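Asks: After the structure tokens below, expect a handful of questions from me.
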Amino acid sequence: MIKVEHLNKSFDGVQVLKDICVEYEPGKCNMIIGASGSGKTVLLKNLIGLLEPDSGEICYGDRKLSQMDYEEKKKLRQKIGILFQGSALFDFATVIENVMFPMEFLTDWSETQRRERARYCLEKVNVIGSDDKYPNELSGGMQKRVGIARAIALNPEYLFCDEPNSGLDPYTSILIDRLISDLTKEFNMTTIVNTHDMNSILEIGDKIGFIYQGSLLWQGDKNTILQTECKELKDFVCANALARNIIGK
Amino acid sequence: MLKKIFVSVGRYFLFLKMVFRRPEKWKIFWRQFVNEADKLILSSILLVGVISLFIGGVLVIQTASNLENPIIDKMYIGYMVRESLILEFCSTMVALILAGKMGSNISSEIGSMRITEQIDAMDMMGINSAGFLVLPKVTAAAILSPLLMLLSLALGLVGGWIVVESTQIIPTASYITGIKAFYNGFYIFYSCFKMSLFCFMIASIAAFNGYYAKGGSLGVGRSSTQAIVTTSILILMADLIVTQLMLY
């Protein structure tokens with residue numbers, strides 16, 4: 001469980017996040033949605049500790065992030081898996097080495113055990129037979145899958161995905177979304193997905209938080225989002241033709 | 001401007017603090033150390049070798065053309081060439097050349113990892129990215145670069161000998177006597193120390209610039225240029241200070 005209490009963040013006097021309060025539960029795909037520039041990525045970066053909030057608290061379980069020392073943060077980070085927008089696979093390593101990378105640093109497993117675990121994770125995301133390829137030899141969708149495999153390599157308690165289907169075709173996007181949703185339920189992870197893709201939201205949004213100009217305006221799920229009375233959210237949702245048609249009917 | 005310089009210096013030392021944290025696993029560190037030694041030092045041998053050969057030859061011709069007085073023994077040409085190579089060329093000039101090659105290599109590699117979020121990914125795994133990426137580079141450059149200096153010295157002297165042999169600008173025996181005359185072992189230590197210090201500066205400043213690169217591929221290019229310019233100026237300043245401290 002991740003709890004955010006009265007989070008504020010500003011850059012050069014411009015307030016990007018305003019008094020965000022939200023809870024993210026395990027076993028669910030928690031989605032942060034909003035237009036570009038609304039503050040989604042800043043919120044995600046605050047949650048994972050890449051940015052420090054101006055005020056407010058982020059709690060992992062019963063521990064406050066701001067009160068953790070270097071070692072405690074390091075331990076927490078080992079429980080976190082992240083899928084970055086551009087996959088962030090290491091150029092210097094092959095597919096299997098990318099997945100084995102965190103294990104090599106953070107476990108005492110033998111080479112064989114690491115390889116077995118990496119193969120298991122790659123099978124989970126349906127990447128087979130590409131072990132020795134380098135990231136630049138893979139398609140965008142394959143890179144995302146390998147990114148997910150690397151993120152789940154150490155059985156994380158928390159999975160963060162920053163715009164997991166940006167730059168992907170609709171079919172591959174749905175496959176990636178379902179993969180994230182299935183893994184979340186299978187491993188009971190607290191998953192937080194940052195997206196503005198309506199297809200994803202309607203496909204896997206167990207819990208949705210809509211951010212508008214830095215404020216959390218609405219919370220709900222994929223079943224209630226189309227019935228919303230929130231004007232700003234309605235505008236956001238209706239930018240998608242499919243959703244517009246459903247709401248129209 | 002002054003404030004910016006102080007902020008950068010402060011950030012640089014904080015960065016070094018991160019770099020010199022104990023490695024997570026020594027086995028991984030040594031593997032990276034060997035890789036970096038190959039990438040930074042071994043791959044520079046050809047460049048350093050070719051430049052040293054030519055500079056050695058040029059130094060012989062220039063020194064000979066300035067020492068035409070019949071009273072001065074010709075062996076002093078060999079002596080002066082050797083001293084010029086040891087005291088300045090093989091450490092400072094070679095370091096300035098390496099600042100371009102090694103510096104841009106390190107800065108662009110780390111900078112592109114920064115803008116594609118690979119460094120963020122490492123940090124988020126709980127891995128000390130600065131330690132993993134930079135420590136092997138800095139240590140390989142600082143520890144092994146004196147070997148480049150010694151190679152440069154040897155090839156510089158060989159370059160001078162080739163010119164002497166082929167042009168008979170001075171008798172070969174005088175050149176050989178000159179390069180063996182008044183040998184001071186401390187100068188070799190001084191030059192090795194300078195080379196080691198300069199290469200530490202090249203690797204750490206280039207890595208620092210790359211590590212904090214921002215603004216896409218343009219930002220990577222900018223950080224690379226800035227690394228080379230900063231390092232070149234600081235090498236010359238450090239040269240002056242070290243020379244004053246060690247030789248006078």
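Residues are named by chain letter and number: chains run A, B, ... in the order of the structure tokens, numbers start at 1 in each chain, and ligands are numbered from 1 in the order shown.
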Where does chain A meet chain B within 9 Å, residue by residue, with the nearest atom pair and distance in Å to one decimal for each, counting only C-alpha atoms, listed by chain and rising number, as a Markdown table?
Replies:
| residue | atom | partner | partner_atom | distance |
| --- | --- | --- | --- | --- |
| A:Ile48 | CA | B:Met124 | CA | 7.6 |
| A:Gly49 | CA | B:Met124 | CA | 8.4 |
| A:Leu50 | CA | B:Asp120 | CA | 7.9 |
| A:Lys73 | CA | B:Gly126 | CA | 7.8 |
| A:Lys74 | CA | B:Gly126 | CA | 4.7 |
| A:Lys75 | CA | B:Gly126 | CA | 6.9 |
| A:Leu76 | CA | B:Gly126 | CA | 7.8 |
| A:Arg77 | CA | B:Gly126 | CA | 5.0 |
| A:Gln78 | CA | B:Met125 | CA | 5.4 |
| A:Lys79 | CA | B:Met125 | CA | 8.2 |
| A:Ile80 | CA | B:Met125 | CA | 7.1 |
| A:Gly81 | CA | B:Met125 | CA | 7.4 |
| A:Ile82 | CA | B:Ala121 | CA | 7.3 |
| A:Leu83 | CA | B:Ala121 | CA | 8.5 |
| A:Phe84 | CA | B:Glu117 | CA | 7.4 |
| A:Gln85 | CA | B:Glu117 | CA | 8.8 |
| A:Gly86 | CA | B:Thr116 | CA | 6.9 |
| A:Ser87 | CA | B:Glu117 | CA | 8.2 |
| A:Ala88 | CA | B:Gln118 | CA | 4.8 |
| A:Leu89 | CA | B:Gln118 | CA | 6.4 |
| A:Phe90 | CA | B:Gln118 | CA | 6.1 |
| A:Asp91 | CA | B:Met113 | CA | 8.3 |
| A:Pro102 | CA | B:Met125 | CA | 6.6 |
| A:Glu104 | CA | B:Ile28 | CA | 8.5 |
| A:Phe105 | CA | B:Glu24 | CA | 6.7 |
| A:Leu106 | CA | B:Ile127 | CA | 8.2 |
| A:Ala151 | CA | B:Met125 | CA | 8.8 |
Asks: Can you write just those residues out, C-alpha atoms, as a compact mmCIF listing (two decimals), in the first residue's frame?
Replies:
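Now in part.txt:
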# COMPACT_ATOMS: atom_id res chain seq x y z
CA ILE A 48 9.59 6.71 -6.59
CA GLY A 49 11.88 9.23 -4.92
CA LEU A 50 13.50 10.69 -8.04
CA LYS A 73 15.70 3.90 0.56
CA LYS A 74 18.07 1.52 -1.19
CA LYS A 75 16.25 -1.47 0.33
CA LEU A 76 12.89 0.00 -0.65
CA ARG A 77 14.08 0.52 -4.22
CA GLN A 78 14.91 -3.15 -4.43
CA LYS A 79 11.20 -3.82 -3.88
CA ILE A 80 10.25 -1.49 -6.72
CA GLY A 81 10.08 -2.37 -10.41
CA ILE A 82 9.83 0.39 -12.96
CA LEU A 83 8.93 0.44 -16.61
CA PHE A 84 10.14 3.72 -18.08
CA GLN A 85 8.46 5.48 -20.98
CA GLY A 86 11.37 4.73 -23.31
CA SER A 87 11.97 1.29 -21.71
CA ALA A 88 15.45 2.46 -20.52
CA LEU A 89 17.09 -0.85 -21.42
CA PHE A 90 20.87 -0.77 -21.06
CA ASP A 91 22.53 -0.36 -24.45
CA PRO A 102 19.43 -6.28 -11.01
CA GLU A 104 23.65 -9.67 -10.33
CA PHE A 105 23.85 -6.66 -8.00
CA LEU A 106 21.19 -7.42 -5.46
CA ALA A 151 11.03 -4.77 -13.65
Asks: May I have the residues within 12 Å of A:Gly129 as an NGL selection string, using only C-alpha atoms and disregarding those fewer than 2 positions away in the same chain?
Replies: :A and (95-96 or 119 or 122-123 or 126-127 or 131-133 or 138 or 142)
Asks: Rounded to one decimal, what separation in Å do you get between atom CA of A:Tyr24 and atom CA of A:Cys121?
Replies: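 Separation of atom CA of A:Tyr24 and atom CA of A:Cys121: 24.7 Å.
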Asks: Would you mind reading off the distance between atom CA of B:Tyr79 and atom CA of B:Val94, one decimal, in Å?
Replies: 20.1 Å
Asks: Got a sec: who's within 9 Å of stretch 220-237 of chain A, counting only C-alpha atoms, leaving out chain neighbours fewer than 5 positions off, as a short mmCIF file (atom, residue, chain, number, x, y, z; two decimals) with N, CA and C atoms, in the first residue's frame?
Replies:
data_model
loop_
_atom_site.label_atom_id
_atom_site.label_comp_id
_atom_site.auth_asym_id
_atom_site.auth_seq_id
_atom_site.Cartn_x
_atom_site.Cartn_y
_atom_site.Cartn_z
N ASN A 30 -3.50 0.75 -10.42
CA ASN A 30 -3.87 2.12 -10.07
C ASN A 30 -3.38 3.04 -11.17
N MET A 31 -4.27 3.83 -11.74
CA MET A 31 -3.85 4.65 -12.89
C MET A 31 -3.87 6.13 -12.55
N GLY A 34 -4.37 12.01 -17.06
CA GLY A 34 -4.45 13.45 -17.23
C GLY A 34 -3.77 13.85 -18.53
N ALA A 35 -4.02 15.09 -18.94
CA ALA A 35 -3.44 15.57 -20.20
C ALA A 35 -1.93 15.76 -20.03
N HIS A 196 -2.15 8.54 -20.56
CA HIS A 196 -3.28 9.36 -21.02
C HIS A 196 -4.01 8.62 -22.14
N MET A 198 -6.81 6.39 -23.39
CA MET A 198 -8.15 5.98 -22.94
C MET A 198 -8.36 4.47 -23.06
N ILE A 201 -6.96 2.93 -20.03
CA ILE A 201 -7.76 3.29 -18.86
C ILE A 201 -9.00 2.39 -18.77
N LEU A 202 -9.66 2.21 -19.92
CA LEU A 202 -10.89 1.42 -19.93
C LEU A 202 -10.59 -0.08 -19.83
N GLU A 203 -9.39 -0.48 -20.22
CA GLU A 203 -9.02 -1.90 -20.21
C GLU A 203 -8.63 -2.38 -18.80
N ILE A 204 -7.76 -1.61 -18.14
CA ILE A 204 -7.17 -2.16 -16.89
C ILE A 204 -7.30 -1.23 -15.68
N GLY A 205 -8.04 -0.15 -15.79
CA GLY A 205 -8.10 0.84 -14.70
C GLY A 205 -8.92 0.38 -13.50
N ASP A 206 -8.29 -0.35 -12.57
CA ASP A 206 -9.00 -0.79 -11.36
C ASP A 206 -9.28 0.40 -10.46
N LYS A 207 -8.33 1.32 -10.43
CA LYS A 207 -8.52 2.54 -9.66
C LYS A 207 -7.90 3.68 -10.48
N ILE A 208 -8.65 4.75 -10.67
CA ILE A 208 -8.17 5.82 -11.55
C ILE A 208 -8.18 7.15 -10.80
N GLY A 209 -7.09 7.89 -10.95
CA GLY A 209 -7.05 9.24 -10.39
C GLY A 209 -6.78 10.23 -11.52
N PHE A 210 -7.67 11.22 -11.67
CA PHE A 210 -7.52 12.18 -12.77
C PHE A 210 -6.85 13.45 -12.25
N ILE A 211 -5.74 13.81 -12.87
CA ILE A 211 -5.02 15.01 -12.46
C ILE A 211 -5.26 16.12 -13.48
N TYR A 212 -5.65 17.27 -12.98
CA TYR A 212 -5.89 18.41 -13.86
C TYR A 212 -5.16 19.63 -13.29
N ALA A 243 -14.86 6.71 -26.75
CA ALA A 243 -15.51 7.10 -25.50
C ALA A 243 -16.63 8.10 -25.76
N ARG A 244 -16.39 9.00 -26.73
CA ARG A 244 -17.41 10.01 -27.06
C ARG A 244 -18.68 9.31 -27.54
N ILE A 246 -19.63 6.22 -26.88
CA ILE A 246 -20.27 5.48 -25.78
C ILE A 246 -21.08 6.45 -24.90
N ILE A 247 -20.44 7.58 -24.56
CA ILE A 247 -21.13 8.56 -23.71
C ILE A 247 -22.34 9.12 -24.44
#
Asks: With a distance cut-off of 9 Å and only C-alpha atoms, select the neighbouring residues of stretch 42-44 of chain B, excluding the residue or stretch itself and same-chain residues fewer than 2 positions from it, and output the selection as an NGL selection string.
Replies: :B and (37-40 or 46-49 or 98 or 101-102 or 148)
Asks: If we count only C-alpha atoms, what is near B:Gly57 at a cut-off of 7 Å, once residues fewer than 4 positions away on the same chain are taken out, given as a PDB file with C-alpha atoms, in the first residue's frame?
Replies:
ATOM      1  CA  LEU B  53      56.777   9.422 -32.810  1.00  0.00           C
ATOM      2  CA  ILE B  61      64.834  19.132 -35.759  1.00  0.00           C
ATOM      3  CA  GLY B 159      60.913   9.216 -33.288  1.00  0.00           C
ATOM      4  CA  GLY B 160      63.890  11.483 -32.581  1.00  0.00           C
ATOM      5  CA  VAL B 163      65.019  11.537 -37.694  1.00  0.00           C
TER       6      VAL B 163
END
Asks: Run DSSP on the backbone and tell me which residues of stretch 71-246 of chain A come out as strand (DSSP E or B); list them as an NGL selection string.
Replies: :A and (80-83 or 158-162 or 190-195 or 207-212 or 215-220)
Asks: How about saving the chosen residues, N, CA and C atoms kept, as a short mmCIF file (atom, residue, chain, number, x, y, z; two decimals), in the first residue's frame?
Replies:
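For reference, again.cif as written:
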data_model
loop_
_atom_site.label_atom_id
_atom_site.label_comp_id
_atom_site.auth_asym_id
_atom_site.auth_seq_id
_atom_site.Cartn_x
_atom_site.Cartn_y
_atom_site.Cartn_z
N ILE A 80 10.99 -2.25 -5.71
CA ILE A 80 10.25 -1.49 -6.72
C ILE A 80 10.72 -1.90 -8.12
N GLY A 81 9.75 -2.14 -9.00
CA GLY A 81 10.08 -2.37 -10.41
C GLY A 81 9.53 -1.21 -11.21
N ILE A 82 10.30 -0.76 -12.18
CA ILE A 82 9.83 0.39 -12.96
C ILE A 82 9.94 0.12 -14.45
N LEU A 83 8.88 0.46 -15.15
CA LEU A 83 8.93 0.44 -16.61
C LEU A 83 8.94 1.89 -17.07
N TYR A 158 6.10 -3.35 -5.62
CA TYR A 158 5.51 -2.18 -6.28
C TYR A 158 5.99 -2.13 -7.73
N LEU A 159 5.05 -1.87 -8.65
CA LEU A 159 5.43 -1.74 -10.05
C LEU A 159 4.94 -0.38 -10.57
N PHE A 160 5.86 0.40 -11.09
CA PHE A 160 5.51 1.71 -11.64
C PHE A 160 5.71 1.67 -13.16
N CYS A 161 4.73 2.15 -13.89
CA CYS A 161 4.85 2.16 -15.35
C CYS A 161 4.56 3.58 -15.84
N ASP A 162 5.55 4.18 -16.49
CA ASP A 162 5.36 5.53 -17.01
C ASP A 162 5.01 5.44 -18.49
N THR A 190 1.48 -3.72 -5.99
CA THR A 190 0.81 -2.41 -6.04
C THR A 190 1.33 -1.74 -7.32
N THR A 191 0.48 -1.72 -8.33
CA THR A 191 0.92 -1.20 -9.63
C THR A 191 0.36 0.20 -9.86
N ILE A 192 1.23 1.08 -10.28
CA ILE A 192 0.78 2.45 -10.60
C ILE A 192 1.18 2.74 -12.05
N VAL A 193 0.17 3.02 -12.85
CA VAL A 193 0.41 3.26 -14.28
C VAL A 193 0.07 4.70 -14.59
N ASN A 194 1.01 5.36 -15.22
CA ASN A 194 0.85 6.75 -15.61
C ASN A 194 0.50 6.78 -17.09
N THR A 195 -0.68 7.24 -17.45
CA THR A 195 -1.05 7.19 -18.88
C THR A 195 -2.06 8.28 -19.25
N LYS A 207 -8.33 1.32 -10.43
CA LYS A 207 -8.52 2.54 -9.66
C LYS A 207 -7.90 3.68 -10.48
N ILE A 208 -8.65 4.75 -10.67
CA ILE A 208 -8.17 5.82 -11.55
C ILE A 208 -8.18 7.15 -10.80
N GLY A 209 -7.09 7.89 -10.95
CA GLY A 209 -7.05 9.24 -10.39
C GLY A 209 -6.78 10.23 -11.52
N PHE A 210 -7.67 11.22 -11.67
CA PHE A 210 -7.52 12.18 -12.77
C PHE A 210 -6.85 13.45 -12.25
N ILE A 211 -5.74 13.81 -12.87
CA ILE A 211 -5.02 15.01 -12.46
C ILE A 211 -5.26 16.12 -13.48
N TYR A 212 -5.65 17.27 -12.98
CA TYR A 212 -5.89 18.41 -13.86
C TYR A 212 -5.16 19.63 -13.29
N SER A 215 -3.87 19.25 -9.76
CA SER A 215 -4.77 18.84 -8.67
C SER A 215 -5.44 17.51 -9.01
N LEU A 216 -5.64 16.71 -7.98
CA LEU A 216 -6.35 15.45 -8.19
C LEU A 216 -7.85 15.75 -8.15
N LEU A 217 -8.49 15.82 -9.34
CA LEU A 217 -9.88 16.28 -9.40
C LEU A 217 -10.89 15.18 -9.19
N TRP A 218 -10.50 13.95 -9.58
CA TRP A 218 -11.50 12.88 -9.57
C TRP A 218 -10.85 11.55 -9.30
N GLN A 219 -11.55 10.67 -8.54
CA GLN A 219 -11.07 9.29 -8.37
C GLN A 219 -12.21 8.32 -8.61
N GLY A 220 -11.92 7.23 -9.26
CA GLY A 220 -12.95 6.23 -9.54
C GLY A 220 -12.33 5.02 -10.18
#
Asks: Choose the residue, out of B:Ala142, B:Ile97, B:Ile241, B:Ile110, that has the smallest atom-to-atom separation from B:Ala213; count only C-alpha atoms.
Replies: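 Of B:Ala142, B:Ile97, B:Ile241, B:Ile110, the one nearest B:Ala213, counting only C-alpha atoms, is B:Ile110.
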Asks: Need to verify the contact set: stretch 9-16 of chain B, 8 Å, only C-alpha atoms, exclusion of same-chain residues closer than 2 positions in sequence. Can you return it as a ChimeraX atom specification?
Replies: /B:5-7,18-20,130,204-205,208
Asks: Output C-alpha atoms for every residue in that selection, as a short mmCIF file (atom, residue, chain, number, x, y, z; two decimals), in the first residue's frame.
Replies:
data_model
loop_
_atom_site.label_atom_id
_atom_site.label_comp_id
_atom_site.auth_asym_id
_atom_site.auth_seq_id
_atom_site.Cartn_x
_atom_site.Cartn_y
_atom_site.Cartn_z
CA ILE B 5 31.06 28.12 -10.64
CA PHE B 6 30.80 27.53 -6.88
CA VAL B 7 27.60 25.49 -7.34
CA MET B 18 28.88 9.11 -4.74
CA VAL B 19 31.49 7.71 -7.13
CA PHE B 20 33.85 6.65 -4.34
CA ALA B 130 27.70 6.77 -10.29
CA SER B 204 35.87 12.49 -13.52
CA ILE B 205 35.00 15.86 -15.10
CA PHE B 208 30.31 14.61 -14.13
#
Asks: Using only C-alpha atoms, determine which residues lie at most 9 Å from B:Met149, disregarding the query and same-chain residues fewer than 2 positions distant; provide the list as a PDB file with N, CA and C atoms, in the first residue's frame.
Replies:
ATOM      1  N   VAL B  48      48.349   7.878 -29.236  1.00  0.00           N
ATOM      2  CA  VAL B  48      49.476   8.411 -28.461  1.00  0.00           C
ATOM      3  C   VAL B  48      50.794   8.040 -29.146  1.00  0.00           C
ATOM      4  N   ILE B  86      59.950  14.288 -21.311  1.00  0.00           N
ATOM      5  CA  ILE B  86      59.589  13.829 -19.956  1.00  0.00           C
ATOM      6  C   ILE B  86      58.808  14.906 -19.215  1.00  0.00           C
ATOM      7  N   CYS B  90      55.076  14.360 -22.760  1.00  0.00           N
ATOM      8  CA  CYS B  90      54.488  13.037 -22.511  1.00  0.00           C
ATOM      9  C   CYS B  90      53.383  13.051 -21.459  1.00  0.00           C
ATOM     10  N   SER B  91      53.359  14.061 -20.616  1.00  0.00           N
ATOM     11  CA  SER B  91      52.261  14.113 -19.649  1.00  0.00           C
ATOM     12  C   SER B  91      51.229  15.164 -20.064  1.00  0.00           C
ATOM     13  N   VAL B  94      50.086  15.048 -23.999  1.00  0.00           N
ATOM     14  CA  VAL B  94      49.336  13.810 -24.248  1.00  0.00           C
ATOM     15  C   VAL B  94      47.995  13.861 -23.497  1.00  0.00           C
ATOM     16  N   ALA B  95      48.013  14.409 -22.281  1.00  0.00           N
ATOM     17  CA  ALA B  95      46.762  14.517 -21.516  1.00  0.00           C
ATOM     18  C   ALA B  95      45.771  15.438 -22.237  1.00  0.00           C
ATOM     19  N   SER B 145      47.136   5.243 -16.797  1.00  0.00           N
ATOM     20  CA  SER B 145      47.628   6.271 -17.735  1.00  0.00           C
ATOM     21  C   SER B 145      49.142   6.502 -17.661  1.00  0.00           C
ATOM     22  N   PRO B 146      49.824   6.321 -16.498  1.00  0.00           N
ATOM     23  CA  PRO B 146      51.286   6.467 -16.524  1.00  0.00           C
ATOM     24  C   PRO B 146      51.962   5.530 -17.531  1.00  0.00           C
ATOM     25  N   LEU B 147      51.304   4.396 -17.815  1.00  0.00           N
ATOM     26  CA  LEU B 147      51.869   3.501 -18.831  1.00  0.00           C
ATOM     27  C   LEU B 147      51.861   4.178 -20.203  1.00  0.00           C
ATOM     28  N   LEU B 151      55.045   4.948 -22.532  1.00  0.00           N
ATOM     29  CA  LEU B 151      55.041   4.559 -23.952  1.00  0.00           C
ATOM     30  C   LEU B 151      55.333   5.774 -24.829  1.00  0.00           C
ATOM     31  N   SER B 152      54.699   6.898 -24.473  1.00  0.00           N
ATOM     32  CA  SER B 152      54.887   8.124 -25.240  1.00  0.00           C
ATOM     33  C   SER B 152      56.350   8.560 -25.203  1.00  0.00           C
ATOM     34  N   LEU B 153      56.958   8.446 -24.028  1.00  0.00           N
ATOM     35  CA  LEU B 153      58.370   8.832 -23.880  1.00  0.00           C
ATOM     36  C   LEU B 153      59.246   7.940 -24.758  1.00  0.00           C
ATOM     37  N   ALA B 154      59.021   6.636 -24.675  1.00  0.00           N
ATOM     38  CA  ALA B 154      59.836   5.700 -25.453  1.00  0.00           C
ATOM     39  C   ALA B 154      59.693   5.974 -26.944  1.00  0.00           C
ATOM     40  N   SER B 191      56.419  13.125 -13.922  1.00  0.00           N
ATOM     41  CA  SER B 191      55.616  13.069 -15.141  1.00  0.00           C
ATOM     42  C   SER B 191      54.498  12.017 -15.018  1.00  0.00           C
ATOM     43  N   CYS B 192      54.832  10.885 -14.423  1.00  0.00           N
ATOM     44  CA  CYS B 192      53.801   9.843 -14.213  1.00  0.00           C
ATOM     45  C   CYS B 192      52.707  10.365 -13.284  1.00  0.00           C
ATOM     46  N   MET B 195      50.510  12.779 -15.187  1.00  0.00           N
ATOM     47  CA  MET B 195      49.645  12.061 -16.127  1.00  0.00           C
ATOM     48  C   MET B 195      48.465  11.412 -15.399  1.00  0.00           C
TER      49      MET B 195
END
